[in-house]
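Data from run.cif: mmCIF, C-alpha atoms (C1' of nucleotides)
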```cif
data_run
loop_
_atom_site.label_atom_id
_atom_site.label_comp_id
_atom_site.auth_asym_id
_atom_site.auth_seq_id
_atom_site.Cartn_x
_atom_site.Cartn_y
_atom_site.Cartn_z
CA MET A 1 -0.01 21.85 2.23
CA GLN A 2 0.95 18.60 3.74
CA GLY A 3 -0.44 17.64 7.06
CA GLY A 4 3.09 16.82 8.20
CA GLY A 5 3.94 15.44 11.54
CA GLU A 6 1.23 12.91 12.02
CA ALA A 7 2.05 9.87 14.01
CA HIS A 8 3.60 7.12 11.97
CA GLY A 9 0.83 4.60 11.62
CA ALA A 10 -2.13 3.97 13.82
CA GLY A 11 -1.53 0.36 14.62
CA SER A 12 -3.76 -2.52 15.48
CA ALA A 13 -3.75 -4.07 18.88
CA ASP A 14 -2.90 -7.57 17.83
CA GLY A 15 0.31 -9.45 17.57
CA GLU A 16 0.95 -12.61 15.66
CA LEU A 17 2.58 -15.57 17.20
CA ARG A 18 4.35 -18.11 15.08
CA LYS A 19 3.95 -21.58 16.46
CA ALA A 20 6.20 -24.37 15.40
CA THR A 21 3.86 -27.25 15.02
CA GLY A 22 4.23 -30.88 14.69
CA SER A 23 0.54 -31.42 14.11
CA ASP A 24 -0.43 -34.87 12.93
CA ASP A 25 2.16 -35.30 10.34
CA CYS A 26 5.24 -34.73 12.37
CA GLU A 27 6.59 -37.82 10.81
CA SER A 28 5.24 -37.69 7.34
CA GLY A 29 6.31 -34.16 6.56
CA GLU A 30 3.84 -34.16 3.74
CA LYS A 31 2.70 -30.88 2.38
CA LYS A 32 -0.74 -30.35 1.08
CA GLU A 33 -0.64 -28.37 -2.09
CA GLY A 34 -3.36 -25.99 -3.11
CA ASP A 35 -5.00 -25.63 0.24
CA ASP A 36 -7.03 -22.54 0.68
CA PHE A 37 -5.72 -20.95 3.80
CA SER A 38 -7.88 -17.92 3.67
CA ASP A 39 -10.91 -19.27 5.41
CA ILE A 40 -9.90 -21.61 8.15
CA SER A 41 -12.29 -21.19 11.02
CA ASP A 42 -11.41 -20.54 14.61
CA SER A 43 -12.48 -23.99 15.66
CA GLU A 44 -10.16 -25.54 13.13
CA LEU A 45 -7.43 -23.37 14.43
CA LEU A 46 -8.01 -24.60 17.93
CA SER A 47 -7.94 -28.24 17.03
CA LEU A 48 -4.77 -27.76 15.08
CA GLN A 49 -3.23 -26.06 18.04
CA GLU A 50 -4.14 -28.90 20.33
CA ALA A 51 -2.61 -31.31 17.89
CA ALA A 52 0.47 -29.18 17.81
CA GLU A 53 0.82 -29.16 21.55
CA SER A 54 0.51 -32.87 21.85
CA CYS A 55 3.49 -33.29 19.62
CA ASP A 56 5.61 -30.53 20.82
CA ALA A 57 8.94 -32.17 21.34
CA TYR A 58 9.98 -32.82 17.81
CA ILE A 59 10.77 -29.78 15.88
CA GLU A 60 13.14 -31.37 13.54
CA GLY A 61 14.02 -31.36 9.93
CA GLU A 62 11.29 -31.39 7.39
CA GLY A 63 8.41 -32.40 9.58
CA LEU A 64 7.35 -28.86 10.14
CA GLU A 65 3.95 -28.66 8.75
CA MET A 66 2.17 -25.51 9.46
CA VAL A 67 -1.31 -24.49 9.60
CA ASP A 68 -3.18 -21.39 10.07
CA GLY A 69 -4.73 -18.99 12.42
CA VAL A 70 -6.61 -16.21 10.85
CA THR A 71 -6.53 -12.91 12.60
CA SER A 72 -9.92 -12.50 14.09
CA PRO A 73 -11.60 -9.22 13.35
CA GLY A 74 -13.64 -7.51 16.00
CA LYS A 75 -11.89 -7.39 19.35
CA ILE A 76 -10.73 -3.85 19.24
CA ASP A 77 -8.74 -3.07 22.27
CA ALA A 78 -8.55 0.35 23.75
CA THR A 79 -5.06 0.78 22.54
CA THR A 80 -4.02 3.29 20.01
CA SER A 81 -6.57 6.00 19.78
CA PRO A 82 -7.28 7.06 16.23
CA GLU A 83 -6.57 10.66 16.97
CA GLY A 84 -2.89 10.08 16.16
CA GLN A 85 -2.56 13.36 14.33
CA LEU A 86 -0.60 16.07 15.91
CA HIS A 87 -1.41 19.24 14.17
CA ASN A 88 1.77 21.09 14.45
CA SER A 89 2.07 24.54 13.12
CA ALA A 90 4.22 23.64 10.16
CA GLY A 91 1.21 23.42 7.91
CA LEU A 92 0.09 26.97 8.57
CA SER A 93 0.19 28.83 5.36
CA CYS A 94 -0.05 32.31 6.84
CA SER A 95 3.28 33.43 5.53
CA GLU A 96 2.48 37.12 5.61
CA MET A 97 1.24 37.16 9.15
CA PRO A 98 3.97 36.98 11.71
CA GLY A 99 1.60 35.24 14.11
CA PRO A 100 1.89 35.04 17.87
CA PRO A 101 5.39 34.48 19.19
CA GLU A 102 4.80 30.94 20.44
CA VAL A 103 3.66 29.87 16.98
CA THR A 104 6.78 31.25 15.34
CA GLN A 105 8.81 29.56 17.97
CA ARG A 106 7.15 26.23 17.39
CA LYS A 107 7.60 26.69 13.68
CA ARG A 108 11.27 27.35 14.13
CA LYS A 109 11.59 24.27 16.26
CA GLN A 110 9.74 22.23 13.67
CA GLU A 111 12.13 23.33 10.98
CA SER A 112 15.15 22.36 13.01
CA LEU A 113 13.87 18.83 13.51
CA ASN A 114 15.23 16.06 11.38
CA PRO A 115 12.73 13.89 9.48
CA LEU A 116 12.90 11.17 12.11
CA GLN A 117 11.85 13.59 14.84
CA LYS A 118 9.43 15.43 12.61
CA TYR A 119 7.45 12.26 11.92
CA HIS A 120 7.85 10.90 15.44
CA MET A 121 9.63 7.78 14.38
CA ARG A 122 11.73 5.86 16.84
CA TYR A 123 12.90 3.39 14.27
CA LEU A 124 12.83 2.60 10.58
CA ALA A 125 11.68 -0.52 8.81
CA VAL A 126 14.08 -2.19 6.43
CA THR A 127 11.50 -1.75 3.71
CA ASP A 128 11.42 1.98 4.46
CA LEU A 129 14.97 2.03 3.14
CA CYS A 130 13.82 0.15 0.06
CA SER A 131 11.02 2.54 -0.81
CA GLN A 132 13.41 5.36 -0.08
CA MET A 133 15.76 3.86 -2.63
CA TRP A 134 12.93 3.68 -5.15
CA CYS A 135 12.09 7.34 -4.61
CA GLU A 136 12.82 9.29 -1.47
CA GLN A 137 10.38 12.03 -2.39
CA GLN A 138 7.56 9.57 -2.95
CA MET A 139 8.26 7.94 0.40
CA VAL A 140 7.98 11.26 2.18
CA TYR A 141 4.73 12.13 0.43
CA LYS A 142 3.36 8.81 1.62
CA ILE A 143 4.34 9.51 5.19
CA GLU A 144 2.88 12.98 5.11
CA GLN A 145 -0.38 11.80 3.61
CA PRO A 146 -3.07 11.58 6.30
CA ALA A 147 -3.71 7.92 6.98
CA ASP A 148 -7.32 8.00 5.84
CA LEU A 149 -6.40 9.43 2.46
CA LEU A 150 -3.62 7.01 1.67
CA PRO A 151 -4.00 5.33 -1.72
CA GLU A 152 -5.26 1.78 -1.47
CA LYS A 153 -2.87 -1.07 -1.77
CA THR A 154 -2.60 -2.32 -5.31
CA ALA A 155 -4.02 -5.65 -6.36
CA ALA A 156 -0.47 -6.88 -6.91
CA MET A 157 0.42 -6.04 -3.34
CA ASN A 158 -2.58 -7.87 -1.92
CA GLU A 159 -1.88 -10.86 -4.09
CA GLY A 160 1.74 -10.79 -2.95
CA SER A 161 0.68 -10.70 0.68
CA SER A 162 -1.60 -13.68 0.37
CA ILE A 163 1.00 -15.75 -1.48
CA HIS A 164 3.49 -14.95 1.26
CA LEU A 165 0.99 -15.92 3.94
CA ALA A 166 0.23 -19.22 2.23
CA ARG A 167 3.94 -19.98 2.07
CA GLU A 168 4.42 -19.07 5.68
CA LEU A 169 1.65 -21.41 6.72
CA GLU A 170 3.48 -24.30 5.11
CA VAL A 171 6.08 -23.89 7.78
CA HIS A 172 4.25 -22.97 10.98
CA ASP A 173 1.02 -21.89 12.62
CA VAL A 174 0.11 -18.28 12.95
CA VAL A 175 -1.95 -17.48 15.98
CA SER A 176 -3.25 -14.02 16.64
CA VAL A 177 -2.66 -12.72 20.13
CA THR A 178 -4.25 -9.69 21.70
CA THR A 179 -1.64 -7.20 22.82
CA ARG A 180 -2.33 -4.18 24.97
CA ASN A 181 0.73 -2.04 24.43
CA ARG A 182 4.12 -1.86 22.79
CA GLU A 183 5.66 -3.94 25.53
CA ASP A 184 3.29 -6.76 24.64
CA SER A 185 4.11 -6.45 20.95
CA TRP A 186 7.82 -6.69 21.58
CA ALA A 187 7.25 -9.64 23.86
CA ILE A 188 5.44 -11.42 21.01
CA LYS A 189 8.35 -10.66 18.72
CA CYS A 190 10.66 -12.22 21.30
CA LEU A 191 8.43 -15.29 21.70
CA ASN A 192 8.59 -15.77 17.95
CA ILE A 193 12.36 -15.58 17.96
CA LEU A 194 12.58 -17.96 20.90
CA ALA A 195 10.42 -20.46 19.07
CA MET A 196 12.44 -20.26 15.87
CA ILE A 197 15.91 -20.58 17.34
CA PRO A 198 15.62 -24.32 18.09
CA VAL A 199 14.24 -24.96 14.62
CA LEU A 200 17.27 -23.29 13.11
CA GLN A 201 19.57 -25.13 15.46
CA SER A 202 18.22 -28.46 14.35
CA GLY A 203 18.69 -27.58 10.72
CA GLY A 204 15.09 -26.69 9.97
CA ARG A 205 13.52 -24.01 7.88
CA ILE A 206 11.79 -20.94 9.25
CA ARG A 207 9.79 -18.08 7.88
CA GLU A 208 9.17 -14.51 9.03
CA PHE A 209 12.06 -14.25 11.43
CA PRO A 210 12.05 -10.84 13.17
CA VAL A 211 15.29 -8.89 13.06
CA PHE A 212 16.29 -5.59 14.57
CA GLY A 213 19.30 -3.61 15.63
CA GLU A 214 21.09 -0.34 15.37
CA LEU A 215 22.63 0.67 12.08
CA ASP A 216 24.62 3.82 11.80
CA GLY A 217 22.95 5.18 14.91
CA ILE A 218 19.38 4.46 13.84
CA PHE A 219 17.29 1.56 15.05
CA MET A 220 16.04 -0.69 12.28
CA VAL A 221 13.36 -3.38 12.30
CA GLY A 222 12.52 -6.00 9.74
CA VAL A 223 11.32 -9.51 9.05
CA ILE A 224 13.33 -12.10 7.16
CA ASP A 225 11.17 -13.94 4.70
CA GLU A 226 12.85 -17.32 4.97
CA LEU A 227 15.94 -18.93 6.48
CA ALA A 228 17.07 -22.43 5.61
CA TYR A 229 20.17 -24.50 5.13
CA SER A 230 21.37 -25.21 1.63
CA SER A 231 22.46 -28.67 0.55
CA SER A 232 26.01 -27.70 1.35
CA GLY A 233 24.97 -26.76 4.88
CA GLU A 234 25.16 -23.02 4.50
CA LEU A 235 22.61 -20.79 6.19
CA GLU A 236 20.73 -19.19 3.34
CA LEU A 237 18.36 -16.24 3.42
CA ARG A 238 15.63 -16.41 0.82
CA GLU A 239 13.45 -13.52 -0.17
CA LEU A 240 10.50 -14.30 -2.36
CA LYS A 241 9.27 -11.61 -4.70
CA THR A 242 6.02 -12.26 -6.50
CA ARG A 243 5.46 -10.44 -9.76
CA ALA A 244 2.32 -9.15 -11.40
CA THR A 245 3.93 -9.66 -14.79
CA PRO A 246 5.83 -12.80 -15.84
CA THR A 247 9.05 -10.85 -16.15
CA LEU A 248 12.11 -10.25 -14.05
CA PRO A 249 12.31 -6.80 -12.43
CA ARG A 250 14.25 -3.91 -13.85
CA LEU A 251 17.59 -3.09 -12.36
CA ALA A 252 16.19 -0.19 -10.31
CA GLN A 253 13.81 -2.53 -8.57
CA LYS A 254 16.28 -5.36 -8.18
CA ARG A 255 18.62 -2.98 -6.39
CA THR A 256 16.00 -2.32 -3.73
CA HIS A 257 15.58 -6.07 -3.24
CA GLU A 258 19.32 -6.49 -2.93
CA LEU A 259 19.61 -3.78 -0.34
CA GLN A 260 16.73 -5.32 1.59
CA VAL A 261 18.37 -8.71 2.00
CA CYS A 262 21.79 -7.21 2.69
CA VAL A 263 20.35 -5.14 5.54
CA TYR A 264 18.60 -8.24 6.88
CA LYS A 265 21.94 -9.96 7.00
CA LEU A 266 23.54 -7.07 8.85
CA LEU A 267 20.78 -7.18 11.45
CA PHE A 268 20.65 -10.95 11.82
CA ASP A 269 24.41 -11.31 12.12
CA GLY A 270 24.38 -8.56 14.73
CA MET A 271 21.74 -10.37 16.73
CA VAL A 272 23.45 -13.76 16.84
CA SER A 273 26.80 -12.21 17.61
CA GLY A 274 25.51 -10.17 20.52
CA VAL A 275 26.11 -6.71 19.15
CA LEU A 276 22.89 -5.34 20.57
CA GLN A 277 22.37 -5.12 24.32
CA SER A 278 18.96 -5.62 25.84
CA GLU A 279 19.20 -2.35 27.79
CA CYS A 280 19.87 -0.65 24.49
CA LEU A 281 16.75 -2.01 22.89
CA ILE A 282 14.64 -0.97 25.87
CA GLN A 283 16.15 2.47 25.96
CA ILE A 284 15.98 3.26 22.26
CA LEU A 285 12.38 2.12 21.98
CA ASN A 286 11.48 3.70 25.28
CA LEU A 287 9.90 0.53 26.60
CA ARG A 288 8.98 -0.09 30.22
CA PRO A 289 11.11 -3.04 31.25
CA GLU A 290 9.15 -3.83 34.40
CA GLN A 291 5.83 -3.75 32.61
CA GLU A 292 3.82 -6.87 33.37
CA LEU A 293 2.95 -8.72 30.21
CA GLY A 294 -0.67 -8.91 29.16
CA PRO A 295 -2.66 -12.03 30.08
CA GLU A 296 -2.77 -13.43 26.56
CA VAL A 297 0.93 -12.90 26.06
CA LYS A 298 1.71 -14.55 29.38
CA GLU A 299 -0.46 -17.46 28.50
CA HIS A 300 1.45 -18.07 25.29
CA ALA A 301 4.75 -17.72 27.10
CA ILE A 302 3.67 -20.40 29.56
CA GLN A 303 2.58 -22.62 26.68
CA SER A 304 6.09 -22.29 25.32
CA GLY A 305 7.40 -23.43 28.67
CA LEU A 306 8.71 -20.04 29.72
CA THR A 307 8.36 -18.49 33.13
CA VAL A 308 8.51 -14.80 32.45
CA SER A 309 6.38 -12.03 33.83
CA THR A 310 7.89 -8.79 32.62
CA LEU A 311 9.15 -7.52 29.30
CA LYS A 312 12.65 -7.34 30.73
CA ASP A 313 12.55 -11.07 31.54
CA ILE A 314 11.60 -12.06 28.06
CA ILE A 315 14.00 -9.71 26.29
CA GLU A 316 16.91 -10.92 28.35
CA LEU A 317 15.97 -14.52 27.73
CA THR A 318 15.79 -13.84 24.02
CA PHE A 319 19.16 -12.14 23.91
CA LEU A 320 20.76 -14.95 25.89
CA ASN A 321 19.28 -17.53 23.56
CA LEU A 322 20.39 -15.64 20.49
CA THR A 323 23.97 -15.32 21.60
CA PHE A 324 24.44 -18.71 23.28
CA SER A 325 22.78 -20.85 20.66
CA GLU A 326 25.80 -20.52 18.41
CA LEU A 327 23.71 -19.82 15.38
CA PRO A 328 25.76 -19.18 12.28
CA ARG A 329 25.77 -15.92 10.43
CA ILE A 330 23.98 -15.83 7.13
CA ASP A 331 26.14 -17.33 4.40
CA SER A 332 24.20 -16.53 1.29
CA LEU A 333 21.44 -14.23 0.12
CA LYS A 334 18.97 -15.35 -2.49
CA LEU A 335 16.20 -13.50 -4.30
CA GLU A 336 13.50 -15.64 -5.85
CA TYR A 337 11.04 -14.32 -8.40
CA CYS A 338 7.80 -15.96 -9.37
CA TYR A 339 4.73 -14.97 -11.33
CA GLN A 340 1.57 -14.23 -9.38
CA GLY A 341 -0.61 -15.43 -12.22
CA ASP A 342 0.30 -19.10 -12.28
CA GLY A 343 3.08 -19.31 -9.71
CA ALA A 344 5.65 -19.88 -12.45
CA PHE A 345 9.25 -19.58 -11.39
CA LEU A 346 10.86 -16.62 -13.13
CA GLY A 347 14.39 -16.79 -11.85
CA CYS A 348 16.57 -16.20 -8.88
CA ASP A 349 19.58 -14.15 -7.95
CA ILE A 350 22.37 -14.75 -5.54
CA VAL A 351 23.18 -11.41 -3.97
CA ASN A 352 26.79 -10.56 -3.45
CA PHE A 353 27.19 -9.16 0.05
CA LYS A 354 29.89 -6.52 0.30
CA GLU A 355 29.69 -5.06 3.76
CA LYS A 356 31.49 -1.85 2.90
CA SER A 357 29.27 -1.07 -0.05
CA VAL A 358 26.12 -1.95 1.86
CA MET A 359 27.11 0.28 4.75
CA GLU A 360 27.86 3.13 2.38
CA GLN A 361 24.38 2.87 0.95
CA VAL A 362 22.80 2.60 4.39
CA THR A 363 24.74 5.64 5.55
CA PHE A 364 23.57 7.60 2.56
CA TYR A 365 19.90 6.76 3.05
CA LEU A 366 20.03 7.28 6.79
CA SER A 367 21.71 10.65 6.39
CA PHE A 368 18.41 11.93 5.04
CA TRP A 369 16.59 10.81 8.20
CA LYS A 370 19.19 12.49 10.35
CA GLY A 371 18.69 15.72 8.50
CA GLN A 372 22.21 15.72 7.14
CA ARG A 373 21.17 16.30 3.57
CA GLU A 374 18.26 17.53 1.48
CA ILE A 375 15.62 15.23 0.10
CA GLN A 376 16.42 13.72 -3.25
CA GLY A 377 13.92 12.49 -5.82
CA VAL A 378 14.62 10.17 -8.72
CA ASP A 379 17.50 10.69 -11.08
CA ILE A 380 16.68 12.04 -14.51
CA GLU A 381 17.07 8.61 -16.09
CA ASP A 382 14.57 7.12 -13.61
CA THR A 383 11.71 9.50 -14.34
CA TRP A 384 9.74 6.60 -15.80
CA LYS A 385 8.92 5.81 -12.18
CA CYS A 386 6.87 9.01 -11.99
CA ARG A 387 4.34 7.62 -14.44
CA MET A 388 3.07 5.22 -11.81
CA CYS A 389 3.44 7.55 -8.86
CA ASN A 390 0.38 8.92 -7.07
CA TYR A 391 2.13 12.16 -6.23
CA SER A 392 3.61 13.09 -9.59
CA ASN A 393 1.10 15.93 -10.01
CA ILE A 394 2.18 17.64 -6.81
CA CYS A 395 5.81 16.54 -6.78
CA GLU A 396 8.15 19.40 -6.06
CA TRP A 397 11.17 17.41 -7.07
CA ARG A 398 9.62 16.82 -10.46
CA THR A 399 8.84 20.49 -11.02
CA GLN A 400 12.33 21.41 -10.10
CA ARG A 401 13.75 18.81 -12.40
CA THR A 402 11.58 19.91 -15.33
CA ASN A 403 12.84 23.44 -14.88
CA THR A 404 16.44 22.43 -15.01
CA ALA A 405 16.09 19.87 -17.77
CA PRO A 406 16.82 22.18 -20.73
CA TYR A 407 20.22 22.99 -19.35
CA ARG A 408 21.05 19.38 -18.86
CA THR A 409 20.01 18.67 -22.43
CA MET A 410 22.31 21.45 -23.63
CA ALA A 411 25.15 20.19 -21.60
CA LYS A 412 24.71 16.74 -23.05
CA ARG A 413 24.74 18.08 -26.58
CA LEU A 414 27.91 19.93 -25.92
CA LYS A 415 29.33 16.73 -24.50
"C1'" DA B 1 2.37 14.60 30.20
"C1'" DT B 2 4.11 22.42 27.75
"C1'" DT B 3 3.89 14.50 26.22
"C1'" DG B 4 3.05 10.08 23.70
"C1'" DC B 5 3.50 6.63 19.72
"C1'" DT B 6 4.47 2.45 14.69
"C1'" DG B 7 2.88 -5.29 13.07
"C1'" DA B 8 6.62 -5.02 8.29
"C1'" DA B 9 6.11 -6.24 3.95
"C1'" DG B 10 3.26 -6.10 0.18
"C1'" DG B 11 4.86 -4.36 -5.85
"C1'" DG B 12 6.45 -0.87 -9.27
#
```

Take the structure from the file and write it as structure tokens.
Amino acid sequence: MQGGGEAHGAGSADGELRKATGSDDCESGEKKEGDDFSDISDSELLSLQEAAESCDAYIEGEGLEMVDGVTSPGKIDATTSPEGQLHNSAGLSCSEMPGPPEVTQRKRKQESLNPLQKYHMRYLAVTDLCSQMWCEQQMVYKIEQPADLLPEKTAAMNEGSSIHLARELEVHDVVSVTTRNREDSWAIKCLNILAMIPVLQSGGRIREFPVFGELDGIFMVGVIDELAYSSSGELELRELKTRATPTLPRLAQKRTHELQVCVYKLLFDGMVSGVLQSECLIQILNLRPEQELGPEVKEHAIQSGLTVSTLKDIIELTFLNLTFSELPRIDSLKLEYCYQGDGAFLGCDIVNFKEKSVMEQVTFYLSFWKGQREIQGVDIEDTWKCRMCNYSNICEWRTQRTNTAPYRTMAKRLK
DNA sequence: ATTGCTGAAGGG
């Protein structure tokens, strides 16, 4: 049986702050190729930061050279306790025994919960939708898997992460900040947005822009890989996909990438056009608006020239900046593919954004989370995905499909 | 608290 109903993730206590830097080469805008970013020491980080501060004023155009902060291990705050698992009664396999009344009651309640409630999720990540699109059943197995038994990340994923980090560091510093609670984490997110807005306004390029908002009644959170202006002055979203093989992805995979960037656009456009209210954010996420920010977070806010003391302050400031900065909506969506092996460019795609079609897809995927429809595994023609799935041996969808396959074959033969 | 909560993306 699945251990269903565990908390969604255990979470580290740290946040990451993106610092626009000028560093030494504010003017040169040179980029060092082939730097190894993985082992920059703390002292180096500090000196780079100082350099950045001394040249704070000019965040313009190309001069944005970025350097690194490596998240320091150790420093484990007394934040999320690892106990995270709520052992609800859903996993009880005593079907014959009626059990005490309160257990039956709890069980009934459990069954009436939608997946969002069942897994204690206040929001979804944009990439949750993408894995859902790949295989909804696989995504659920992953969520239900106890955290300590989760399959390790593949080599391709790790390689992808490090390539993305290296690219990010070309554009700005990453400084790790100790956060004490969710309020602190959201404050860091806001600080990052506040730092990136002026860069965008002055025509610069940014990476890892946080986006969020409500879509079809469900709160969604994501991070835009890259935003920049094209030669024709359009605001372009770029999503880099690194590949373990020097080939372009199959259609099934490309579709998930397309949905990802389309949802980013929906969220970003909503943010700059003031669709989301700050009270709404606070309420949906159940944040404490009057919560004093942690000392490290405050310190970074002050460094950015902000006088804020509570989460409410910083959220309101962020929302004001977003709506009054007259940032454009995203004009074009671009997927870029390159080979992990030698960095070779494999191709790129311009994604056609059709709001109606995107919303239809979003509505379909979200309807699962709302409990409006049954779970759905891969279509019969996509069963090749099962060959690389960790759960294929226990997959109920697969069993069910195998049992019905002969009929489908017959039907096909009969035309 | 008979209640609470999550870095997202990472690639197939």

Result set, the PyMOL selection byres ((chain B) within 9 of (chain A)) on current file, as a PyMOL selection string:
chain B and resi 5-12

Find the distance between atom CA of A:Tyr229 and atom CA of A:Leu266 and write it in Å to one decimal.
18.1 Å

From atom CA of A:Glu170 to atom CA of A:Glu239 the spacing works out at 15.6 Å

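Those residues positioned at most 7 Å from (3.5, -14.3, 23.7) are Leu17, Ala187, Ile188, Leu191, Glu296, Val297, Lys298, Glu299, His300 and Ala301 of chain A, judged using only C-alpha atoms (C1' of nucleotides).
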
Record the distance separating atom CA of A:Gly294 and atom CA of A:Ser309, expressed in Å with one decimal.
9.0 Å

Evaluate the PyMOL selection byres ((chain A and resi 345) around 12) and report residues as a ChimeraX atom specification:
/A:240-243,245-248,335-344,346-348

Chain and number of each residue from the PyMOL selection byres ((chain A and resi 375) around 12), as a PyMOL selection string:
chain A and resi 114-115+132-133+135-141+364-374+376-378+396-397

Residues just named, written with C-alpha atoms as a short mmCIF file (atom, residue, chain, number, x, y, z; two decimals), keeping the file's coordinate frame:
```
data_model
loop_
_atom_site.label_atom_id
_atom_site.label_comp_id
_atom_site.auth_asym_id
_atom_site.auth_seq_id
_atom_site.Cartn_x
_atom_site.Cartn_y
_atom_site.Cartn_z
CA ASN A 114 15.23 16.06 11.38
CA PRO A 115 12.73 13.89 9.48
CA GLN A 132 13.41 5.36 -0.08
CA MET A 133 15.76 3.86 -2.63
CA CYS A 135 12.09 7.34 -4.61
CA GLU A 136 12.82 9.29 -1.47
CA GLN A 137 10.38 12.03 -2.39
CA GLN A 138 7.56 9.57 -2.95
CA MET A 139 8.26 7.94 0.40
CA VAL A 140 7.98 11.26 2.18
CA TYR A 141 4.73 12.13 0.43
CA PHE A 364 23.57 7.60 2.56
CA TYR A 365 19.90 6.76 3.05
CA LEU A 366 20.03 7.28 6.79
CA SER A 367 21.71 10.65 6.39
CA PHE A 368 18.41 11.93 5.04
CA TRP A 369 16.59 10.81 8.20
CA LYS A 370 19.19 12.49 10.35
CA GLY A 371 18.69 15.72 8.50
CA GLN A 372 22.21 15.72 7.14
CA ARG A 373 21.17 16.30 3.57
CA GLU A 374 18.26 17.53 1.48
CA GLN A 376 16.42 13.72 -3.25
CA GLY A 377 13.92 12.49 -5.82
CA VAL A 378 14.62 10.17 -8.72
CA GLU A 396 8.15 19.40 -6.06
CA TRP A 397 11.17 17.41 -7.07
#
```

Could you give me, as a list in words, the residues that sit within 9 Å of (23.2, 0.7, 7.5) in the file's coordinates, counting only C-alpha atoms (C1' of nucleotides)?
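Within 9 Å of (23.2, 0.7, 7.5), the protein and nucleic acid residues are Glu214, Leu215, Asp216, Gly217, Ile218, Met220, Val263, Leu266, Val358, Met359, Glu360, Gln361, Val362, Thr363, Phe364, Tyr365 and Leu366 of chain A.
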